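Novice: Got a file for you: model_35.tsv, TSV, C-alpha atoms.
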```
chain	number	residue	atom	x	y	z
A	106	MET	CA	80.06	52.57	32.93
A	107	ARG	CA	78.75	50.76	29.89
A	108	ALA	CA	79.03	46.98	29.55
A	109	ILE	CA	78.55	44.19	27.04
A	110	SER	CA	77.77	40.52	27.64
A	111	LEU	CA	79.59	37.70	25.93
A	112	TRP	CA	78.81	34.02	26.09
A	113	GLN	CA	81.47	31.94	27.72
A	114	PRO	CA	84.21	31.02	26.98
A	115	TRP	CA	84.52	34.12	24.75
A	116	ALA	CA	84.47	36.49	27.74
A	117	SER	CA	87.21	34.51	29.50
A	118	TRP	CA	89.30	34.52	26.33
A	119	ILE	CA	89.12	38.32	26.24
A	120	MET	CA	90.17	38.55	29.88
A	121	ALA	CA	93.05	36.11	29.21
A	122	GLY	CA	94.27	38.26	26.30
A	123	LEU	CA	93.67	35.49	23.76
A	124	LYS	CA	90.76	37.26	22.02
A	125	THR	CA	91.73	40.86	21.33
A	126	ILE	CA	88.82	41.76	19.06
A	127	GLU	CA	85.13	41.34	19.93
A	128	THR	CA	82.97	40.81	16.84
A	129	ARG	CA	79.43	41.64	15.83
A	130	ILE	CA	77.51	41.48	12.55
A	131	HIS	CA	76.00	44.92	13.18
A	132	THR	CA	77.34	48.43	13.85
A	133	ARG	CA	75.43	49.16	17.07
A	134	PHE	CA	78.63	48.97	19.15
A	135	GLU	CA	80.36	51.70	17.12
A	136	CYS	CA	79.44	54.19	19.87
A	137	LEU	CA	81.81	52.37	22.26
A	138	ALA	CA	84.98	53.43	20.39
A	139	GLY	CA	87.36	55.18	22.78
A	140	GLU	CA	85.47	54.07	25.91
A	141	THR	CA	86.45	51.72	28.69
A	142	ILE	CA	83.73	49.09	29.01
A	143	VAL	CA	82.90	46.29	31.42
A	144	ILE	CA	83.15	42.71	30.16
A	145	HIS	CA	80.25	40.56	31.41
A	146	ALA	CA	80.31	36.76	31.22
A	147	ALA	CA	76.80	35.74	30.23
A	148	LYS	CA	75.06	32.74	31.75
A	149	ARG	CA	75.19	30.98	28.39
A	150	TYR	CA	78.09	28.79	27.28
A	151	ASP	CA	78.93	28.33	23.59
A	152	LYS	CA	79.65	24.61	23.41
A	153	HIS	CA	81.02	24.96	19.86
A	154	ALA	CA	83.41	27.84	20.58
A	155	PHE	CA	86.47	25.77	21.37
A	156	GLU	CA	86.53	23.77	18.13
A	157	GLY	CA	86.42	26.91	15.99
A	158	ALA	CA	88.81	28.96	18.11
A	159	LEU	CA	91.46	26.24	18.28
A	160	SER	CA	92.45	26.74	14.64
A	161	TRP	CA	93.08	30.47	15.18
A	162	THR	CA	94.98	30.61	18.47
A	163	ASN	CA	98.72	30.65	18.99
A	164	ASN	CA	98.28	29.32	22.53
A	165	PRO	CA	95.99	26.26	22.66
A	166	VAL	CA	96.94	25.46	26.28
A	167	ARG	CA	95.78	28.88	27.55
A	168	LEU	CA	92.70	28.58	25.34
A	169	LYS	CA	91.76	25.31	27.05
A	170	GLU	CA	92.51	26.65	30.54
A	171	SER	CA	90.47	29.82	29.94
A	172	ALA	CA	87.57	27.83	28.46
A	173	PHE	CA	87.51	25.64	31.57
A	174	LEU	CA	87.49	28.70	33.83
A	175	GLY	CA	84.68	30.20	31.75
A	176	ARG	CA	82.40	27.28	32.58
A	177	HIS	CA	82.50	28.37	36.21
A	178	LEU	CA	82.21	32.12	35.74
A	179	GLN	CA	78.85	32.65	34.13
A	180	GLY	CA	76.70	35.61	35.13
A	181	TYR	CA	79.60	37.76	36.37
A	182	LEU	CA	81.29	41.06	35.63
A	183	LEU	CA	84.90	40.06	34.97
A	184	GLY	CA	86.75	43.32	34.40
A	185	THR	CA	87.21	46.18	31.97
A	186	ALA	CA	88.69	46.75	28.53
A	187	LYS	CA	89.32	49.88	26.54
A	188	VAL	CA	87.82	49.94	23.04
A	189	ALA	CA	90.68	51.28	20.93
A	190	GLN	CA	88.52	51.40	17.82
A	191	PHE	CA	85.48	50.00	16.03
A	192	ARG	CA	85.97	48.85	12.44
A	193	ARG	CA	85.02	46.46	9.65
A	194	LEU	CA	87.02	43.24	9.92
A	195	ASP	CA	88.70	41.09	7.27
A	196	SER	CA	90.53	37.75	7.16
A	197	ASN	CA	93.67	39.32	8.66
A	198	ASP	CA	91.72	39.81	11.92
A	199	SER	CA	90.86	36.12	12.37
A	200	HIS	CA	93.64	35.46	14.92
A	201	GLY	CA	92.47	38.35	17.11
A	202	THR	CA	88.84	37.28	16.97
A	203	LEU	CA	89.40	33.49	17.14
A	204	ILE	CA	86.92	33.07	14.26
A	205	TYR	CA	87.15	33.46	10.50
A	206	CYS	CA	86.48	37.08	9.44
A	207	GLY	CA	87.04	36.92	5.69
A	208	LEU	CA	83.45	37.24	4.53
A	209	GLY	CA	83.18	41.00	5.04
A	210	ASP	CA	80.11	40.77	7.26
A	211	ARG	CA	81.77	41.38	10.64
A	212	PHE	CA	82.61	44.47	12.64
A	213	GLY	CA	84.92	44.52	15.63
A	214	LEU	CA	85.92	46.27	18.79
A	215	ASP	CA	89.71	46.31	19.18
A	216	LEU	CA	90.21	45.74	22.91
A	217	ILE	CA	93.26	46.94	24.85
A	218	GLU	CA	94.14	47.64	28.50
A	219	ILE	CA	92.38	44.59	29.93
A	220	ASN	CA	91.92	44.90	33.71
A	221	HIS	CA	90.55	42.09	35.87
A	222	PHE	CA	88.37	42.79	38.88
A	223	ASN	CA	89.93	41.38	42.07
A	224	LEU	CA	86.74	39.38	42.56
A	225	PRO	CA	84.20	38.84	39.77
A	226	ILE	CA	80.85	40.49	40.53
A	227	PRO	CA	77.62	38.50	40.14
A	228	TRP	CA	75.44	40.38	37.64
A	229	LYS	CA	72.47	39.50	35.47
A	230	GLY	CA	73.63	41.25	32.31
A	231	SER	CA	71.63	42.03	29.20
A	232	GLN	CA	71.78	41.91	25.42
A	233	GLY	CA	73.34	44.89	23.71
A	234	ILE	CA	74.93	47.68	25.70
A	235	PHE	CA	73.87	48.13	29.31
A	236	GLU	CA	74.90	50.31	32.25
A	237	ILE	CA	76.75	49.28	35.40
A	238	PRO	CA	76.43	51.85	38.21
A	239	ASP	CA	79.68	53.68	38.88
A	240	LYS	CA	79.34	52.74	42.54
A	241	ILE	CA	79.70	49.03	41.64
A	242	ILE	CA	82.83	49.61	39.55
A	243	GLY	CA	84.32	51.96	42.15
A	244	GLU	CA	84.15	49.24	44.80
A	245	VAL	CA	86.40	46.80	42.92
```
Show me the file's structure as structure tokens.

Specialist:
Amino acid sequence: MRAISLWQPWASWIMAGLKTIETRIHTRFECLAGETIVIHAAKRYDKHAFEGALSWTNNPVRLKESAFLGRHLQGYLLGTAKVAQFRRLDSNDSHGTLIYCGLGDRFGLDLIEINHFNLPIPWKGSQGIFEIPDKIIGEV
């Protein structure tokens, strides 16, 4: 199964259902449309994420709780999400991305059917799209 890495707390916000669109400034993830992918929490933490995301969320308490959890789950496979579609984003998508998307330079993966692994799986991860052996996913 294919996977993508996200810095924390962004990965935790996807798993919590607070971030429903993953963004990129390139179109290389277009090939993921229609697939179920693995969400990997990278070992990096975006220390500025919370300040920007706070203005776009409808649930600041869950945002804070998920950000705290994200500090502890770095370098793990967290679960799966189905990519409903890949598309160019606009300002109307800002609540789903937790960032401003009105400049026309962002593309997004609309994520649905979020499924958590019973136990997160330690995994190194990689930039871009990478493969997780089916055997690993089948065990969770």

Novice: Select, from A:His221, A:Lys229, A:Lys240, A:Arg129, the residue with the minimum atom-to-atom distance to Thr185 (chain A), counting all atoms listed in the file.

Specialist: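 Using all atoms listed in the file, the shortest distance to Thr185 (chain A) belongs to A:His221.
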
Novice: Name the residues in contact with Lys148 (chain A) at a cut-off of 8 Å, using all atoms listed in the file, excluding same-chain residues fewer than 4 positions from it; report them as a ChimeraX atom specification.

Specialist: /A:112-113,179-180

Novice: Using only C-alpha atoms, which of the listed residues (A:Asp151, A:Asp215, A:Asp195, A:Asp239) sits closest to Glu127 (chain A)?

Specialist: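 For Glu127 (chain A), the nearest of the candidates is A:Asp215.
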
Novice: So, with all atoms listed in the file as the atoms that count, which of A:Ala121, A:Ile234, A:Ile144, A:Ile126 lies closest to Asn197 (chain A)?

Specialist: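 Nearest to Asn197 (chain A): A:Ile126.
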
Novice: Rank A:Trp161, A:Phe235, A:Tyr181, A:Phe155 by their smallest atom-to-atom distance to Leu203 (chain A), using all atoms listed in the file, and report the top residue only.

Specialist: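 Of all the options, A:Trp161 lies closest to Leu203 (chain A).
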
Novice: For Phe134 (chain A), work out the shell of residues within 10 Å, counting only C-alpha atoms and skipping chain neighbours fewer than 4 positions away, then give it as a list in words.

Specialist: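 The contact residues come out as Ile109, Thr128, Arg129, Ala138, Phe191, Arg192, Phe212, Gly213, Leu214, Gly233 and Ile234 of chain A.
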
Novice: Could you tell me how far CA of Ile242 (chain A) lies from CA of Ile130 (chain A), in Å and to one decimal?

Specialist: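 Computing it gives 28.7 Å between the two atoms.
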
Novice: Which value, in Å to one decimal, gives the distance between CA of Glu135 (chain A) and CA of Pro225 (chain A)?

Specialist: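 About the pair CA of Glu135 (chain A) and CA of Pro225 (chain A): they are 26.3 Å apart.
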
Novice: Find the residues near Gly175 (chain A): any atom within 10 Å, counting all atoms listed in the file, skip ones fewer than 2 places away on the same chain, and give them as a PyMOL selection string.

Specialist: chain A and resi 112-118+146-148+150+169-173+177-179

Novice: Which one of A:Leu183, A:Ile226, A:Ile142, A:Ile241 sits closest to Met106 (chain A) if you count all atoms listed in the file?

Specialist: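 Among the listed residues, A:Ile142 lies closest to Met106 (chain A).
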
Novice: Calculate how many Å separate CA of Ser231 (chain A) from CA of Pro165 (chain A), rounding to one decimal.

Specialist: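 Spanning CA of Ser231 (chain A) to CA of Pro165 (chain A) is a straight-line distance of 29.7 Å.
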
Novice: Select, from A:Leu182, A:Ala108, A:Cys136, A:Leu123, the residue with the minimum atom-to-atom distance to Pro227 (chain A), counting only C-alpha atoms.

Specialist: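 The shortest atom-to-atom distance to Pro227 (chain A) comes from A:Leu182.
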